[in-house]
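K.L.:
Have a look at this one.
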Amino acid sequence: MDALELTRELIRIESISGNEAALVKYLAAYLERLGLVVELQEAEANRPNLYARRGEPVVVLSTHTDTVPPYVELREDDDYIYGRGACDTKGLMAAMLKAAEKLIAENVNDFGVLLLVGEENGSIGASVANAIPNACKYLINGEPTESKLVLGSKGTLRAILRASGRAAHSAYPHMGESAIEKLLDVLTDVRQMPLPRDETLGATTLNIGLISGGIAPNVIPPAAQAEILLRVVSDTATLKKILEATVAGRVGIEYGFQCEPVFMEKLEGYETDVVAFTTDIPALTNWGKPLLYGPGSILDAHTAGEKIRKRDLLDATEVYAAMVRQLQHKIV
């Protein structure tokens with residue numbers, strides 16, 4: 001099958017985060033048929049990473065097997081394939097597998113394919129895979145970058161702000177202390193925080209993604225919380241200091257997933273860009289110098305209309321194979 005048909009097959013196998021096993025089983029069989037040595041690594045129970053190699057890889061193609069919910073059925077028209085994972089990342093995964101097939105036909109050795117669980121919810125697969133022994137010099141990570149080679153990606157800092165108050169009858173508010181009002185005051189100040197900028201990555205951005213609290217309309221709320229996410233262009237330590245100075249002890253802060261910004265390798269002959277989203281790359285520090293490239297747009301990822309252009313997908317097969325050859329030549 002060509003890359004288009006392989007993409008259709010991969011989309012048909014639902015692999016929402018936590019349910020990657022069936023897809024990985026399919027991928028393992030496919031790569032074994034190509035003649036690669038396939039190893040599975042349990043990142044968590046029934047959540048296997050897959051590392052396939054030909055020779056002793058110095059260049060590895062990598063992406064993730066999981067998708068966000070909900071599952072979206074496969075459909076297509078003359079120009080696009082639609083469905084969950086079409087661009088994030090089953091289409092480009094198919095292009096990587098077909099690139100591997102092409103390299104094998106050309107008798108190219110010493111490359112590999114690394115397919116990871118859990119990128120969409122904390123990169124657990126990448127964190128565990130970082131311990132796999134390898135001699136890789138370059139890691140080509142696949143995400144939808146509109147067929148541009150990415151020079152930098154922002155980091156991530158998640159935090160939960162927890163406010164405490166005292167419950168009381170709403171007819172007598174002076175007898176209580178509203179955790180929601182306290183939280184709202186803090187969030188107003190958080191929205192005004194001076195945030196760093198970077199010449200390459202641009203501005204730090206803030207999203208207040210979740211707010212919850214209270215018991216009932218007639219009860220002064222004793223507890224409230226907000227979950228925020230910052231896209232990092234400087235470093236997480238700097239942002240923590242800014243956030244903590246702004247909060248000034250008025251609410252508690254609990255930090256969640258965090259990773260630093262990453263600057264990637266440049267190759268001649270490719271259009272370049274920077275992106276605001278986070279990838280598995282920060283967790284793959286033992287896999288050589290990173291590159292980031294893939295067909296499709298991040299603006300289509302995670303949406304009901306997720307899609308990938310057929311022409312871009314086919315072109316990506318050639319690009320991934322060319323990158324492997326180019327990087328191997330660079331090592332020599």
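Quick note on naming: the chains in the structure tokens go A, B, ... in the order shown, residues restart at 1 in each chain, and ligands are numbered from 1 in order of appearance.
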Tell me which protein, DNA and RNA residues are within 8 Å of A:Leu74, counting only C-alpha atoms, leaving out same-chain ones fewer than 5 positions away, and put them as a PDB file with C-alpha atoms, in the first residue's frame.

P.N.:
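See selection07.pdb below for the written result:
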ATOM      1  CA  ARG A   8      -6.333   5.318   6.160  1.00  0.00           C
ATOM      2  CA  ILE A  11      -6.763   6.276  11.301  1.00  0.00           C
ATOM      3  CA  ARG A  12      -9.173   3.316  11.401  1.00  0.00           C
ATOM      4  CA  ILE A  81      -7.867  12.701   4.221  1.00  0.00           C
ATOM      5  CA  TYR A  82      -9.901  13.517   7.354  1.00  0.00           C
ATOM      6  CA  GLY A  83     -10.159  11.790  10.721  1.00  0.00           C
ATOM      7  CA  ARG A  84      -8.630  11.688  14.173  1.00  0.00           C
TER       8      ARG A  84
END

K.L.:
Where does stretch 72-191 of chain A meet stretch 26-47 of chain A within 7 Å, residue by residue, with the nearest atom pair and distance in Å to one decimal for each, counting only C-alpha atoms, listed by chain and rising number, as JSON lines?

P.N.:
{"residue": "A:Glu101", "atom": "CA", "partner": "A:Leu34", "partner_atom": "CA", "distance": 6.6}
{"residue": "A:Val117", "atom": "CA", "partner": "A:Arg47", "partner_atom": "CA", "distance": 6.5}
{"residue": "A:Ile124", "atom": "CA", "partner": "A:Ala43", "partner_atom": "CA", "distance": 6.7}
{"residue": "A:Gly125", "atom": "CA", "partner": "A:Ala43", "partner_atom": "CA", "distance": 5.3}
{"residue": "A:Val128", "atom": "CA", "partner": "A:Ala43", "partner_atom": "CA", "distance": 5.8}

K.L.:
With N, CA and C atoms retained, could you export that selection as a short mmCIF file (atom, residue, chain, number, x, y, z; two decimals), in the first residue's frame?

P.N.:
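Output contents, as saved in selection_31.cif:
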data_model
loop_
_atom_site.label_atom_id
_atom_site.label_comp_id
_atom_site.auth_asym_id
_atom_site.auth_seq_id
_atom_site.Cartn_x
_atom_site.Cartn_y
_atom_site.Cartn_z
N GLU A 101 10.76 2.24 4.23
CA GLU A 101 10.70 1.25 3.15
C GLU A 101 11.55 1.69 1.96
N VAL A 117 4.08 6.39 23.00
CA VAL A 117 2.74 6.61 23.56
C VAL A 117 2.74 7.92 24.36
N ILE A 124 4.71 10.65 28.59
CA ILE A 124 5.19 9.53 29.39
C ILE A 124 6.01 8.57 28.55
N GLY A 125 5.59 8.33 27.32
CA GLY A 125 6.33 7.41 26.46
C GLY A 125 7.74 7.90 26.17
N VAL A 128 10.10 7.60 29.23
CA VAL A 128 10.59 6.25 29.46
C VAL A 128 11.57 5.83 28.35
#

K.L.:
Stretch 82-187 of chain A near stretch 280-303 of chain A within 8 Å: what's each residue's closest atom pair and its distance in Å to one decimal, counting only C-alpha atoms, ordered by chain then ascending residue number, as a tab-separated table?

P.N.:
residue	atom	partner	partner_atom	distance
A:Arg84	CA	A:His302	CA	7.7
A:Gly85	CA	A:Ala301	CA	7.5
A:Cys87	CA	A:Gly296	CA	5.2
A:Asp88	CA	A:Ala301	CA	5.7
A:Gly91	CA	A:Pro295	CA	7.9
A:Leu92	CA	A:Gly294	CA	6.1
A:Glu119	CA	A:Asp280	CA	6.1
A:Ser123	CA	A:Asp280	CA	5.8
A:Ala126	CA	A:Ala283	CA	5.6
A:Ser127	CA	A:Ala283	CA	5.2
A:Ala129	CA	A:Leu284	CA	7.5
A:Asn130	CA	A:Leu284	CA	5.2
A:Ala131	CA	A:Asn286	CA	7.6
A:Asn134	CA	A:Trp287	CA	7.2
A:Ala135	CA	A:Trp287	CA	7.6
A:Cys136	CA	A:Trp287	CA	5.3
A:Lys137	CA	A:Gly288	CA	4.2
A:Tyr138	CA	A:Gly288	CA	4.6
A:Leu139	CA	A:Pro290	CA	4.8
A:Ile140	CA	A:Leu291	CA	4.7
A:Asn141	CA	A:Leu292	CA	4.9
A:Gly142	CA	A:Gly294	CA	5.2
A:Glu143	CA	A:Gly294	CA	5.1
A:Pro144	CA	A:Gly296	CA	4.7
A:Thr145	CA	A:Gly294	CA	5.1
A:Glu146	CA	A:Gly296	CA	4.9
A:Ser147	CA	A:Pro295	CA	4.5
A:Lys148	CA	A:Tyr293	CA	6.0
A:Leu149	CA	A:Tyr293	CA	5.0
A:Val150	CA	A:Leu292	CA	5.3
A:Leu151	CA	A:Leu292	CA	7.7

K.L.:
From the list A:Leu183, A:Leu314, A:Ser234, A:Arg162, which residue is nearest A:Glu199 when using only C-alpha atoms?

P.N.:
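Using only C-alpha atoms, A:Glu199 sits closest to A:Ser234.
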
K.L.:
Using DSSP assignments from the backbone, pull out every residue in stretch 4-151 of chain A that falls under helix (DSSP H, G or I) and give it to me as a ChimeraX atom specification.

P.N.:
/A:4-12,21-34,86-105,119-121,124-129

K.L.:
I'd like the contact shell of A:Val232 - 6 Å cut-off, only C-alpha atoms, skipping same-chain residues fewer than 5 positions apart - returned as a list in words.

P.N.:
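Here the answer would be Lys154, Gly155, Thr156 and Thr204 of chain A.
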
K.L.:
Given the choices A:Ala163, A:Gly256, A:Ala304, A:Pro57, which gets closest to A:Pro133 if the distance is worked out from only C-alpha atoms?

P.N.:
A:Pro57

K.L.:
Interatomic distance between atom CA of A:Glu73 and atom CA of A:Ala86?

P.N.:
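Interatomic distance, atom CA of A:Glu73 to atom CA of A:Ala86: 10.2 Å.
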
K.L.:
Find the residues near A:Leu195: any atom within 8 Å, counting only C-alpha atoms, skip ones fewer than 6 places away on the same chain, and give them as a PDB file with C-alpha atoms, in the first residue's frame.

P.N.:
ATOM      1  CA  ALA A 203       5.876  36.152  23.285  1.00  0.00           C
ATOM      2  CA  THR A 204       5.078  34.021  26.302  1.00  0.00           C
ATOM      3  CA  THR A 205       1.349  33.255  26.258  1.00  0.00           C
ATOM      4  CA  LEU A 239       8.102  32.174  34.915  1.00  0.00           C
ATOM      5  CA  ILE A 242       7.022  35.973  38.072  1.00  0.00           C
TER       6      ILE A 242
END

K.L.:
Rounded to one decimal in Å, what is the spacing between atom CA of A:Leu50 and atom CA of A:Asp66?

P.N.:
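Computing the Euclidean distance for atom CA of A:Leu50 and atom CA of A:Asp66 yields 12.5 Å.
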
K.L.:
Measuring atom to atom with only C-alpha atoms, identify which of A:Gly55, A:Gly252, A:Pro222, A:Gly269 is nearest to A:Leu161.

P.N.:
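Looking only at the distances to A:Leu161, the closest residue turns out to be A:Gly252.
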
K.L.:
I'd like the neighbourhood of A:Ala171 as number ranges by chain, where a residue qualifies if any of its atoms comes within 12 Å (using only C-alpha atoms), though same-chain residues fewer than 6 positions away should be ignored.

P.N.:
A: 217-220

K.L.:
Put those residues in a file: N, CA and C atoms, as a PDB file, in the first residue's frame.

P.N.:
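File produced: selection.pdb:
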ATOM      1  N   PRO A 217     -25.255  28.501  45.000  1.00  0.00           N
ATOM      2  CA  PRO A 217     -25.375  29.954  44.915  1.00  0.00           C
ATOM      3  C   PRO A 217     -25.640  30.638  46.252  1.00  0.00           C
ATOM      4  N   ASN A 218     -26.209  29.909  47.196  1.00  0.00           N
ATOM      5  CA  ASN A 218     -26.530  30.535  48.482  1.00  0.00           C
ATOM      6  C   ASN A 218     -25.521  30.198  49.582  1.00  0.00           C
ATOM      7  N   VAL A 219     -24.327  29.763  49.168  1.00  0.00           N
ATOM      8  CA  VAL A 219     -23.249  29.460  50.118  1.00  0.00           C
ATOM      9  C   VAL A 219     -21.997  30.223  49.718  1.00  0.00           C
ATOM     10  N   ILE A 220     -21.405  30.935  50.664  1.00  0.00           N
ATOM     11  CA  ILE A 220     -20.120  31.579  50.411  1.00  0.00           C
ATOM     12  C   ILE A 220     -19.103  30.476  50.129  1.00  0.00           C
TER      13      ILE A 220
END

K.L.:
Please, what distance in Å, to one decimal, runs between atom CA of A:Tyr51 and atom CA of A:Cys259?

P.N.:
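These two atoms are separated by 23.5 Å.
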